[in-house]
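Next comes input-v3.tsv, with TSV, N, CA and C atoms.
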chain	number	residue	atom	x	y	z
K	1	MET	N	155.20	-34.75	43.38
K	1	MET	CA	156.31	-34.68	44.29
K	1	MET	C	157.40	-33.81	43.67
K	2	ALA	N	158.01	-32.95	44.47
K	2	ALA	CA	159.05	-32.05	43.98
K	2	ALA	C	160.31	-32.82	43.68
K	3	ALA	N	161.06	-32.33	42.72
K	3	ALA	CA	162.34	-32.94	42.37
K	3	ALA	C	163.30	-32.81	43.55
K	4	PRO	N	164.21	-33.79	43.73
K	4	PRO	CA	165.17	-33.68	44.82
K	4	PRO	C	165.95	-32.37	44.71
K	5	GLY	N	166.09	-31.69	45.85
K	5	GLY	CA	166.82	-30.44	45.88
K	5	GLY	C	166.00	-29.23	45.47
K	6	ALA	N	164.76	-29.43	44.99
K	6	ALA	CA	163.92	-28.30	44.60
K	6	ALA	C	163.34	-27.65	45.85
K	7	ALA	N	163.29	-26.34	45.83
K	7	ALA	CA	162.74	-25.61	46.97
K	7	ALA	C	161.22	-25.77	47.00
K	8	ALA	N	160.69	-25.91	48.20
K	8	ALA	CA	159.24	-25.99	48.35
K	8	ALA	C	158.64	-24.62	48.03
K	9	PRO	N	157.44	-24.59	47.46
K	9	PRO	CA	156.83	-23.30	47.18
K	9	PRO	C	156.62	-22.53	48.49
K	10	ALA	N	156.75	-21.22	48.42
K	10	ALA	CA	156.57	-20.38	49.61
K	10	ALA	C	155.13	-20.46	50.09
K	11	ARG	N	154.95	-20.53	51.40
K	11	ARG	CA	153.63	-20.58	51.99
K	11	ARG	C	152.97	-19.20	51.87
K	12	LEU	N	151.82	-19.14	51.21
K	12	LEU	CA	151.10	-17.89	51.08
K	12	LEU	C	150.22	-17.67	52.31
K	13	VAL	N	150.27	-16.46	52.84
K	13	VAL	CA	149.54	-16.12	54.05
K	13	VAL	C	148.84	-14.79	53.83
K	14	GLN	N	147.62	-14.69	54.33
K	14	GLN	CA	146.96	-13.39	54.36
K	14	GLN	C	146.96	-12.93	55.82
K	15	TYR	N	147.66	-11.83	56.07
K	15	TYR	CA	147.69	-11.24	57.41
K	15	TYR	C	146.55	-10.25	57.56
K	16	VAL	N	145.90	-10.30	58.72
K	16	VAL	CA	144.86	-9.35	59.10
K	16	VAL	C	145.28	-8.77	60.45
K	17	VAL	N	145.26	-7.46	60.57
K	17	VAL	CA	145.65	-6.79	61.82
K	17	VAL	C	144.45	-6.00	62.31
K	18	VAL	N	144.01	-6.33	63.53
K	18	VAL	CA	142.79	-5.78	64.11
K	18	VAL	C	143.14	-4.96	65.35
K	19	ARG	N	142.48	-3.85	65.53
K	19	ARG	CA	142.69	-3.05	66.74
K	19	ARG	C	142.14	-3.78	67.95
K	20	SER	N	143.01	-4.14	68.88
K	20	SER	CA	142.56	-4.86	70.08
K	20	SER	C	141.83	-3.94	71.06
K	21	ASP	N	142.08	-2.63	70.99
K	21	ASP	CA	141.40	-1.73	71.91
K	21	ASP	C	139.89	-1.65	71.64
K	22	LEU	N	139.48	-2.05	70.44
K	22	LEU	CA	138.05	-2.04	70.15
K	22	LEU	C	137.30	-2.95	71.12
K	23	VAL	N	137.90	-4.09	71.44
K	23	VAL	CA	137.27	-5.04	72.36
K	23	VAL	C	137.61	-4.69	73.81
K	24	HIS	N	138.89	-4.47	74.07
K	24	HIS	CA	139.36	-4.38	75.46
K	24	HIS	C	139.15	-3.02	76.12
K	25	SER	N	139.14	-1.94	75.36
K	25	SER	CA	138.97	-0.62	75.95
K	25	SER	C	137.65	0.04	75.56
K	26	LEU	N	137.24	-0.15	74.32
K	26	LEU	CA	136.05	0.53	73.81
K	26	LEU	C	134.80	-0.34	73.87
K	27	SER	N	134.95	-1.58	74.34
K	27	SER	CA	133.83	-2.50	74.59
K	27	SER	C	132.97	-2.81	73.37
K	28	TRP	N	133.61	-2.90	72.19
K	28	TRP	CA	132.87	-3.35	71.02
K	28	TRP	C	132.56	-4.84	71.21
K	29	PRO	N	131.40	-5.29	70.76
K	29	PRO	CA	131.11	-6.74	70.81
K	29	PRO	C	132.12	-7.49	69.93
K	30	LEU	N	132.53	-8.65	70.38
K	30	LEU	CA	133.51	-9.44	69.64
K	30	LEU	C	133.04	-9.73	68.22
K	31	GLY	N	131.76	-10.01	68.05
K	31	GLY	CA	131.21	-10.28	66.72
K	31	GLY	C	131.38	-9.10	65.78
K	32	ALA	N	131.22	-7.89	66.29
K	32	ALA	CA	131.39	-6.70	65.45
K	32	ALA	C	132.85	-6.56	65.02
K	33	VAL	N	133.78	-6.90	65.89
K	33	VAL	CA	135.20	-6.80	65.56
K	33	VAL	C	135.57	-7.88	64.54
K	34	ILE	N	135.04	-9.07	64.70
K	34	ILE	CA	135.29	-10.14	63.73
K	34	ILE	C	134.75	-9.73	62.36
K	35	THR	N	133.61	-9.08	62.35
K	35	THR	CA	133.03	-8.60	61.10
K	35	THR	C	133.96	-7.62	60.40
K	36	GLN	N	134.60	-6.74	61.17
K	36	GLN	CA	135.55	-5.79	60.58
K	36	GLN	C	136.69	-6.53	59.89
K	37	ALA	N	137.22	-7.56	60.55
K	37	ALA	CA	138.31	-8.35	59.96
K	37	ALA	C	137.85	-9.03	58.67
K	38	CYS	N	136.63	-9.55	58.68
K	38	CYS	CA	136.09	-10.19	57.47
K	38	CYS	C	135.97	-9.18	56.33
K	39	HIS	N	135.49	-7.98	56.63
K	39	HIS	CA	135.38	-6.93	55.61
K	39	HIS	C	136.75	-6.64	55.00
K	40	ALA	N	137.75	-6.44	55.85
K	40	ALA	CA	139.08	-6.08	55.36
K	40	ALA	C	139.68	-7.20	54.52
K	41	ALA	N	139.56	-8.44	54.99
K	41	ALA	CA	140.13	-9.58	54.25
K	41	ALA	C	139.46	-9.73	52.89
K	42	THR	N	138.15	-9.62	52.86
K	42	THR	CA	137.42	-9.73	51.59
K	42	THR	C	137.79	-8.60	50.65
K	43	ALA	N	137.89	-7.38	51.17
K	43	ALA	CA	138.23	-6.23	50.34
K	43	ALA	C	139.64	-6.37	49.77
K	44	ALA	N	140.59	-6.85	50.57
K	44	ALA	CA	141.97	-7.01	50.08
K	44	ALA	C	142.02	-8.03	48.95
K	45	ILE	N	141.30	-9.13	49.10
K	45	ILE	CA	141.24	-10.14	48.04
K	45	ILE	C	140.60	-9.54	46.78
K	46	HIS	N	139.50	-8.82	46.96
K	46	HIS	CA	138.81	-8.22	45.82
K	46	HIS	C	139.71	-7.22	45.08
K	47	LEU	N	140.36	-6.34	45.84
K	47	LEU	CA	141.19	-5.30	45.22
K	47	LEU	C	142.38	-5.88	44.46
K	48	HIS	N	142.86	-7.04	44.90
K	48	HIS	CA	144.07	-7.63	44.31
K	48	HIS	C	143.78	-9.01	43.70
K	49	TYR	N	142.55	-9.14	43.20
K	49	TYR	CA	142.07	-10.42	42.68
K	49	TYR	C	142.94	-10.97	41.56
K	50	THR	N	143.44	-10.14	40.69
K	50	THR	CA	144.22	-10.63	39.55
K	50	THR	C	145.70	-10.83	39.88
K	51	ASP	N	146.12	-10.48	41.07
K	51	ASP	CA	147.50	-10.68	41.49
K	51	ASP	C	147.83	-12.18	41.47
K	52	PRO	N	148.98	-12.57	40.96
K	52	PRO	CA	149.32	-14.01	40.89
K	52	PRO	C	149.31	-14.71	42.26
K	53	ASP	N	149.80	-14.04	43.31
K	53	ASP	CA	149.77	-14.67	44.64
K	53	ASP	C	148.34	-14.83	45.14
K	54	THR	N	147.49	-13.86	44.86
K	54	THR	CA	146.09	-13.97	45.26
K	54	THR	C	145.43	-15.14	44.54
K	55	GLN	N	145.68	-15.27	43.26
K	55	GLN	CA	145.09	-16.38	42.50
K	55	GLN	C	145.59	-17.72	43.02
K	56	SER	N	146.87	-17.83	43.33
K	56	SER	CA	147.41	-19.08	43.88
K	56	SER	C	146.78	-19.39	45.23
K	57	TYR	N	146.62	-18.36	46.06
K	57	TYR	CA	146.00	-18.51	47.38
K	57	TYR	C	144.57	-19.04	47.24
K	58	LEU	N	143.83	-18.49	46.29
K	58	LEU	CA	142.44	-18.90	46.10
K	58	LEU	C	142.32	-20.31	45.51
K	59	GLN	N	143.36	-20.76	44.80
K	59	GLN	CA	143.34	-22.12	44.25
K	59	GLN	C	143.39	-23.17	45.35
K	60	GLU	N	143.92	-22.80	46.50
K	60	GLU	CA	144.03	-23.72	47.65
K	60	GLU	C	142.91	-23.42	48.64
K	61	LEU	N	141.70	-23.42	48.15
K	61	LEU	CA	140.54	-22.98	48.92
K	61	LEU	C	140.42	-23.66	50.28
K	62	ASP	N	140.70	-24.95	50.35
K	62	ASP	CA	140.52	-25.68	51.60
K	62	ASP	C	141.74	-25.63	52.51
K	63	SER	N	142.78	-24.91	52.10
K	63	SER	CA	143.96	-24.81	52.97
K	63	SER	C	144.50	-23.38	53.03
K	64	MET	N	143.58	-22.41	52.92
K	64	MET	CA	144.00	-21.01	53.06
K	64	MET	C	144.61	-20.81	54.44
K	65	HIS	N	145.59	-19.92	54.52
K	65	HIS	CA	146.25	-19.65	55.79
K	65	HIS	C	146.15	-18.15	56.07
K	66	LYS	N	145.49	-17.81	57.17
K	66	LYS	CA	145.38	-16.43	57.61
K	66	LYS	C	146.00	-16.33	59.00
K	67	VAL	N	146.59	-15.17	59.29
K	67	VAL	CA	147.12	-14.89	60.62
K	67	VAL	C	146.48	-13.58	61.05
K	68	VAL	N	145.84	-13.59	62.22
K	68	VAL	CA	145.18	-12.40	62.74
K	68	VAL	C	146.00	-11.87	63.90
K	69	LEU	N	146.48	-10.65	63.72
K	69	LEU	CA	147.32	-9.99	64.71
K	69	LEU	C	146.56	-8.84	65.35
K	70	GLY	N	147.01	-8.40	66.51
K	70	GLY	CA	146.38	-7.28	67.20
K	70	GLY	C	147.26	-6.05	67.19
K	71	ALA	N	146.66	-4.92	66.87
K	71	ALA	CA	147.31	-3.62	67.02
K	71	ALA	C	146.71	-2.98	68.27
K	72	PRO	N	147.51	-2.37	69.12
K	72	PRO	CA	146.96	-1.87	70.38
K	72	PRO	C	145.94	-0.74	70.25
K	73	ASP	N	146.04	0.07	69.18
K	73	ASP	CA	145.15	1.22	69.06
K	73	ASP	C	145.16	1.77	67.63
K	74	GLU	N	144.40	2.82	67.41
K	74	GLU	CA	144.29	3.41	66.07
K	74	GLU	C	145.62	3.93	65.56
K	75	ALA	N	146.41	4.55	66.44
K	75	ALA	CA	147.71	5.10	66.02
K	75	ALA	C	148.63	4.00	65.51
K	76	ALA	N	148.66	2.87	66.20
K	76	ALA	CA	149.51	1.75	65.78
K	76	ALA	C	149.04	1.19	64.45
K	77	LEU	N	147.73	1.07	64.28
K	77	LEU	CA	147.18	0.54	63.02
K	77	LEU	C	147.49	1.50	61.86
K	78	SER	N	147.27	2.78	62.07
K	78	SER	CA	147.55	3.76	61.02
K	78	SER	C	149.03	3.81	60.70
K	79	GLY	N	149.88	3.73	61.72
K	79	GLY	CA	151.32	3.72	61.50
K	79	GLY	C	151.75	2.50	60.70
K	80	LEU	N	151.16	1.34	61.00
K	80	LEU	CA	151.46	0.14	60.24
K	80	LEU	C	151.04	0.31	58.78
K	81	SER	N	149.86	0.87	58.56
K	81	SER	CA	149.39	1.08	57.19
K	81	SER	C	150.37	1.97	56.42
K	82	GLN	N	150.85	3.01	57.06
K	82	GLN	CA	151.83	3.90	56.41
K	82	GLN	C	153.13	3.16	56.11
K	83	SER	N	153.60	2.36	57.06
K	83	SER	CA	154.84	1.59	56.85
K	83	SER	C	154.68	0.60	55.70
K	84	LEU	N	153.54	-0.07	55.65
K	84	LEU	CA	153.29	-1.02	54.57
K	84	LEU	C	153.26	-0.31	53.22
K	85	THR	N	152.60	0.83	53.17
K	85	THR	CA	152.53	1.59	51.93
K	85	THR	C	153.93	2.00	51.48
K	86	GLN	N	154.74	2.49	52.40
K	86	GLN	CA	156.11	2.89	52.07
K	86	GLN	C	156.94	1.72	51.57
K	87	ALA	N	156.66	0.52	52.09
K	87	ALA	CA	157.39	-0.68	51.69
K	87	ALA	C	156.82	-1.31	50.42
K	88	GLY	N	155.74	-0.75	49.90
K	88	GLY	CA	155.13	-1.29	48.69
K	88	GLY	C	154.30	-2.54	48.92
K	89	VAL	N	153.86	-2.75	50.16
K	89	VAL	CA	153.05	-3.92	50.52
K	89	VAL	C	151.58	-3.56	50.32
K	90	LEU	N	150.92	-4.30	49.45
K	90	LEU	CA	149.52	-4.03	49.10
K	90	LEU	C	148.60	-4.51	50.21
K	91	HIS	N	147.71	-3.64	50.64
K	91	HIS	CA	146.80	-3.95	51.73
K	91	HIS	C	145.58	-3.04	51.65
K	92	LYS	N	144.59	-3.36	52.48
K	92	LYS	CA	143.39	-2.54	52.58
K	92	LYS	C	143.20	-2.14	54.04
K	93	LEU	N	143.24	-0.84	54.30
K	93	LEU	CA	142.90	-0.32	55.62
K	93	LEU	C	141.39	-0.17	55.65
K	94	TRP	N	140.74	-0.94	56.54
K	94	TRP	CA	139.28	-0.88	56.61
K	94	TRP	C	138.87	0.25	57.54
K	95	ILE	N	138.03	1.14	57.02
K	95	ILE	CA	137.53	2.26	57.80
K	95	ILE	C	136.02	2.12	57.89
K	96	GLU	N	135.56	1.85	59.10
K	96	GLU	CA	134.14	1.61	59.31
K	96	GLU	C	133.35	2.90	59.07
K	97	GLN	N	132.27	2.77	58.28
K	97	GLN	CA	131.42	3.90	57.95
K	97	GLN	C	130.04	3.68	58.57
K	98	PRO	N	129.32	4.67	58.95
K	98	PRO	CA	129.61	6.09	58.71
K	98	PRO	C	130.48	6.73	59.80
K	99	GLU	N	130.96	5.94	60.74
K	99	GLU	CA	131.72	6.49	61.86
K	99	GLU	C	133.10	7.01	61.47
K	100	ASN	N	133.62	6.51	60.32
K	100	ASN	CA	134.94	6.91	59.82
K	100	ASN	C	136.05	6.50	60.79
K	101	ILE	N	135.95	5.26	61.31
K	101	ILE	CA	136.90	4.74	62.28
K	101	ILE	C	137.75	3.65	61.63
K	102	PRO	N	139.08	3.82	61.56
K	102	PRO	CA	139.94	2.72	61.09
K	102	PRO	C	139.90	1.59	62.12
K	103	THR	N	139.51	0.40	61.68
K	103	THR	CA	139.34	-0.71	62.62
K	103	THR	C	140.34	-1.84	62.41
K	104	CYS	N	140.78	-2.05	61.18
K	104	CYS	CA	141.70	-3.15	60.90
K	104	CYS	C	142.26	-2.98	59.50
K	105	LEU	N	143.22	-3.82	59.18
K	105	LEU	CA	143.72	-3.85	57.81
K	105	LEU	C	144.01	-5.29	57.45
K	106	ALA	N	144.02	-5.55	56.16
K	106	ALA	CA	144.35	-6.88	55.65
K	106	ALA	C	145.29	-6.72	54.47
K	107	LEU	N	146.31	-7.56	54.44
K	107	LEU	CA	147.23	-7.60	53.32
K	107	LEU	C	146.66	-8.53	52.27
K	108	LYS	N	147.02	-8.32	51.02
K	108	LYS	CA	146.74	-9.34	50.02
K	108	LYS	C	147.60	-10.54	50.40
K	109	PRO	N	147.32	-11.73	49.91
K	109	PRO	CA	148.18	-12.87	50.22
K	109	PRO	C	149.61	-12.64	49.73
K	110	TYR	N	150.56	-12.96	50.58
K	110	TYR	CA	151.99	-12.85	50.28
K	110	TYR	C	152.70	-14.08	50.78
K	111	PRO	N	153.86	-14.41	50.20
K	111	PRO	CA	154.71	-15.41	50.85
K	111	PRO	C	155.06	-14.90	52.25
K	112	LYS	N	154.93	-15.75	53.24
K	112	LYS	CA	155.11	-15.34	54.63
K	112	LYS	C	156.42	-14.61	54.85
K	113	ASP	N	157.51	-15.13	54.30
K	113	ASP	CA	158.82	-14.53	54.53
K	113	ASP	C	158.94	-13.13	53.96
K	114	THR	N	158.11	-12.79	53.00
K	114	THR	CA	158.16	-11.47	52.36
K	114	THR	C	157.68	-10.37	53.30
K	115	VAL	N	156.62	-10.64	54.06
K	115	VAL	CA	156.00	-9.58	54.86
K	115	VAL	C	156.13	-9.75	56.37
K	116	HIS	N	156.47	-10.94	56.82
K	116	HIS	CA	156.55	-11.17	58.27
K	116	HIS	C	157.46	-10.18	58.99
K	117	PRO	N	158.63	-9.82	58.42
K	117	PRO	CA	159.48	-8.86	59.12
K	117	PRO	C	158.81	-7.51	59.41
K	118	LEU	N	157.86	-7.11	58.57
K	118	LEU	CA	157.17	-5.84	58.78
K	118	LEU	C	156.09	-5.93	59.86
K	119	LEU	N	155.73	-7.15	60.23
K	119	LEU	CA	154.63	-7.37	61.16
K	119	LEU	C	155.08	-7.97	62.49
K	120	LYS	N	156.37	-8.22	62.65
K	120	LYS	CA	156.84	-9.00	63.79
K	120	LYS	C	156.58	-8.36	65.15
K	121	LYS	N	156.37	-7.05	65.22
K	121	LYS	CA	156.11	-6.44	66.52
K	121	LYS	C	154.66	-6.61	66.98
K	122	PHE	N	153.81	-7.11	66.09
K	122	PHE	CA	152.40	-7.33	66.44
K	122	PHE	C	152.22	-8.79	66.85
K	123	LYS	N	151.49	-9.03	67.93
K	123	LYS	CA	151.25	-10.37	68.45
K	123	LYS	C	149.89	-10.88	67.97
K	124	LEU	N	149.68	-12.19	68.11
K	124	LEU	CA	148.39	-12.75	67.75
K	124	LEU	C	147.26	-12.04	68.49
K	125	PHE	N	146.16	-11.81	67.78
K	125	PHE	CA	145.00	-11.14	68.39
K	125	PHE	C	144.42	-12.02	69.48
K	126	LYS	N	144.12	-11.41	70.61
K	126	LYS	CA	143.50	-12.15	71.73
K	126	LYS	C	142.23	-11.46	72.15
Kindly return the structure encoded in the file as structure tokens.
Amino acid sequence: MAAPGAAAPARLVQYVVVRSDLVHSLSWPLGAVITQACHAATAAIHLHYTDPDTQSYLQELDSMHKVVLGAPDEAALSGLSQSLTQAGVLHKLWIEQPENIPTCLALKPYPKDTVHPLLKKFKLFK
């Protein structure tokens, strides 16, 4: 139990942003799109495995928290990736091969309050 007046630890969240047009306009099967999100999330964890927030996130294996958001199209996803890079937010832009199509991105785990402002214009994936 935390000491009285002690701040609760920040909730670690892994955000995944998926292109919604893949399903709604380009008619990709939902399973294929989910697979893209899994690839990006796994790659982000792998690339930032030694990061202290990633290690803390992995220690809570049964209570991991992910938020999956939708980007309307490739331009929005690429623009987000550029904005995150400029802000120093570590992430993995997943580019499906051999087609060379950016499909989604995943951030390494971060305290929610740290990255949420950069993602607030994106809504939950539907």
Pick from K:Thr54, K:Thr114, K:Gln36, K:Gln86 nearest to Arg19 in chain K, counting only C-alpha atoms: K:Gln36
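For the residues K:Ala40, K:Leu58, K:Ala87, K:Val67, ranking by smallest atom-to-atom distance to Gln14 in chain K using all atoms listed in the file places K:Val67 first.
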Would you mind listing, for every residue of range 20-67 of chain K within 7 Å of range 104-109 of chain K, the two atoms forming the shortest contact and the distance between them in Å to one decimal, using only N, CA and C atoms, sorted by chain and ascending residue number, as a Markdown table?
| residue | atom | partner | partner_atom | distance |
| --- | --- | --- | --- | --- |
| K:Gln36 | C | K:Cys104 | CA | 6.1 |
| K:Ala37 | CA | K:Cys104 | CA | 6.3 |
| K:Ala40 | C | K:Ala106 | CA | 4.8 |
| K:Ala41 | N | K:Ala106 | CA | 5.1 |
| K:Ala44 | C | K:Lys108 | CA | 5.0 |
| K:Ile45 | N | K:Lys108 | CA | 5.5 |
| K:His48 | CA | K:Lys108 | CA | 6.5 |
| K:Asp53 | C | K:Pro109 | C | 5.2 |
| K:Thr54 | CA | K:Pro109 | N | 5.3 |
| K:Tyr57 | CA | K:Pro109 | CA | 6.7 |
Preceding selection exported with N, CA and C atoms as a PDB file, in the frame of the given file:
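And here's selection27.pdb as it stands now:
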ATOM      1  N   GLN K  36     134.600  -6.740  61.170  1.00  0.00           N
ATOM      2  CA  GLN K  36     135.550  -5.790  60.580  1.00  0.00           C
ATOM      3  C   GLN K  36     136.690  -6.530  59.890  1.00  0.00           C
ATOM      4  N   ALA K  37     137.220  -7.560  60.550  1.00  0.00           N
ATOM      5  CA  ALA K  37     138.310  -8.350  59.960  1.00  0.00           C
ATOM      6  C   ALA K  37     137.850  -9.030  58.670  1.00  0.00           C
ATOM      7  N   ALA K  40     137.750  -6.440  55.850  1.00  0.00           N
ATOM      8  CA  ALA K  40     139.080  -6.080  55.360  1.00  0.00           C
ATOM      9  C   ALA K  40     139.680  -7.200  54.520  1.00  0.00           C
ATOM     10  N   ALA K  41     139.560  -8.440  54.990  1.00  0.00           N
ATOM     11  CA  ALA K  41     140.130  -9.580  54.250  1.00  0.00           C
ATOM     12  C   ALA K  41     139.460  -9.730  52.890  1.00  0.00           C
ATOM     13  N   ALA K  44     140.590  -6.850  50.570  1.00  0.00           N
ATOM     14  CA  ALA K  44     141.970  -7.010  50.080  1.00  0.00           C
ATOM     15  C   ALA K  44     142.020  -8.030  48.950  1.00  0.00           C
ATOM     16  N   ILE K  45     141.300  -9.130  49.100  1.00  0.00           N
ATOM     17  CA  ILE K  45     141.240 -10.140  48.040  1.00  0.00           C
ATOM     18  C   ILE K  45     140.600  -9.540  46.780  1.00  0.00           C
ATOM     19  N   HIS K  48     142.860  -7.040  44.900  1.00  0.00           N
ATOM     20  CA  HIS K  48     144.070  -7.630  44.310  1.00  0.00           C
ATOM     21  C   HIS K  48     143.780  -9.010  43.700  1.00  0.00           C
ATOM     22  N   ASP K  53     149.800 -14.040  43.310  1.00  0.00           N
ATOM     23  CA  ASP K  53     149.770 -14.670  44.640  1.00  0.00           C
ATOM     24  C   ASP K  53     148.340 -14.830  45.140  1.00  0.00           C
ATOM     25  N   THR K  54     147.490 -13.860  44.860  1.00  0.00           N
ATOM     26  CA  THR K  54     146.090 -13.970  45.260  1.00  0.00           C
ATOM     27  C   THR K  54     145.430 -15.140  44.540  1.00  0.00           C
ATOM     28  N   TYR K  57     146.620 -18.360  46.060  1.00  0.00           N
ATOM     29  CA  TYR K  57     146.000 -18.510  47.380  1.00  0.00           C
ATOM     30  C   TYR K  57     144.570 -19.040  47.240  1.00  0.00           C
TER      31      TYR K  57
END
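In this model, the gap between CA of Ser83 in chain K and atom N of Leu47 in chain K comes to 19.8 Å.
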Contacts of range 115-126 of chain K at 6.5 Å (all atoms listed in the file; same-chain gap of 4+ positions) as JSON, numbers by chain: {"K": [68, 69, 70, 71, 110, 111]}
Sphere at (139.3, 0.9, 64.6), radius 7 Å, counting only N, CA and C atoms: residues as a list in words: Arg19, Leu22, Asp73, Glu74, Glu96, Ile101, Pro102, Thr103 and Cys104 of chain K
Those in range 23-73 of chain K with alpha helix (DSSP H) from DSSP, as a count of residues only: 28
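If you look at CA of Thr42 in chain K and CA of Lys92 in chain K, they are 9.4 Å away from each other.
Between Tyr15 in chain K and the residues K:Lys66, K:Ala43, K:Gly31, K:Glu60, the shortest atom-to-atom distance, using all atoms listed in the file, involves K:Lys66.
You will find CA of Asp62 in chain K at 14.1 Å from CA of Arg11 in chain K.
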Strand (DSSP E) call set, DSSP backbone run, chain K, as a count of residues only: 31
Reconstruct all heavy atoms of range 117-124 of chain K from the incomplete input and present them as a short mmCIF file (atom, residue, chain, number, x, y, z; two decimals), keeping the file's coordinate frame.
data_model
loop_
_atom_site.label_atom_id
_atom_site.label_comp_id
_atom_site.auth_asym_id
_atom_site.auth_seq_id
_atom_site.Cartn_x
_atom_site.Cartn_y
_atom_site.Cartn_z
N PRO K 117 158.63 -9.82 58.42
CA PRO K 117 159.48 -8.86 59.12
C PRO K 117 158.81 -7.51 59.41
O PRO K 117 159.12 -6.85 60.40
CB PRO K 117 160.68 -8.68 58.18
CG PRO K 117 160.73 -9.95 57.40
CD PRO K 117 159.28 -10.35 57.22
N LEU K 118 157.86 -7.11 58.57
CA LEU K 118 157.17 -5.84 58.78
C LEU K 118 156.09 -5.93 59.86
O LEU K 118 155.60 -4.90 60.33
CB LEU K 118 156.53 -5.38 57.46
CG LEU K 118 157.50 -5.10 56.32
CD1 LEU K 118 156.75 -4.96 55.00
CD2 LEU K 118 158.31 -3.85 56.62
N LEU K 119 155.73 -7.15 60.23
CA LEU K 119 154.63 -7.37 61.16
C LEU K 119 155.08 -7.97 62.49
O LEU K 119 154.25 -8.21 63.37
CB LEU K 119 153.59 -8.29 60.51
CG LEU K 119 152.99 -7.78 59.21
CD1 LEU K 119 152.29 -8.90 58.47
CD2 LEU K 119 152.03 -6.63 59.49
N LYS K 120 156.37 -8.22 62.65
CA LYS K 120 156.84 -9.00 63.79
C LYS K 120 156.58 -8.36 65.15
O LYS K 120 156.54 -9.06 66.16
CB LYS K 120 158.30 -9.37 63.63
CG LYS K 120 159.26 -8.21 63.62
CD LYS K 120 160.66 -8.70 63.35
CE LYS K 120 161.60 -7.52 63.22
NZ LYS K 120 162.93 -7.94 62.82
N LYS K 121 156.37 -7.05 65.22
CA LYS K 121 156.11 -6.44 66.52
C LYS K 121 154.66 -6.61 66.98
O LYS K 121 154.33 -6.34 68.13
CB LYS K 121 156.50 -4.96 66.53
CG LYS K 121 155.57 -4.04 65.79
CD LYS K 121 156.03 -2.59 65.97
CE LYS K 121 155.03 -1.63 65.38
NZ LYS K 121 155.45 -0.24 65.57
N PHE K 122 153.81 -7.11 66.09
CA PHE K 122 152.40 -7.33 66.44
C PHE K 122 152.22 -8.79 66.85
O PHE K 122 152.71 -9.69 66.20
CB PHE K 122 151.49 -6.97 65.27
CG PHE K 122 151.56 -5.52 64.93
CD1 PHE K 122 152.41 -5.06 63.93
CD2 PHE K 122 150.78 -4.58 65.61
CE1 PHE K 122 152.51 -3.72 63.62
CE2 PHE K 122 150.88 -3.23 65.29
CZ PHE K 122 151.74 -2.80 64.31
N LYS K 123 151.49 -9.03 67.93
CA LYS K 123 151.25 -10.37 68.45
C LYS K 123 149.89 -10.88 67.97
O LYS K 123 149.04 -10.10 67.53
CB LYS K 123 151.28 -10.36 70.00
CG LYS K 123 152.56 -9.79 70.57
CD LYS K 123 153.76 -10.58 70.14
CE LYS K 123 155.05 -10.00 70.72
NZ LYS K 123 156.22 -10.32 69.97
N LEU K 124 149.68 -12.19 68.11
CA LEU K 124 148.39 -12.75 67.75
C LEU K 124 147.26 -12.04 68.49
O LEU K 124 147.40 -11.72 69.67
CB LEU K 124 148.35 -14.26 68.06
CG LEU K 124 149.23 -15.14 67.18
CD1 LEU K 124 149.19 -16.57 67.68
CD2 LEU K 124 148.81 -15.07 65.72
#
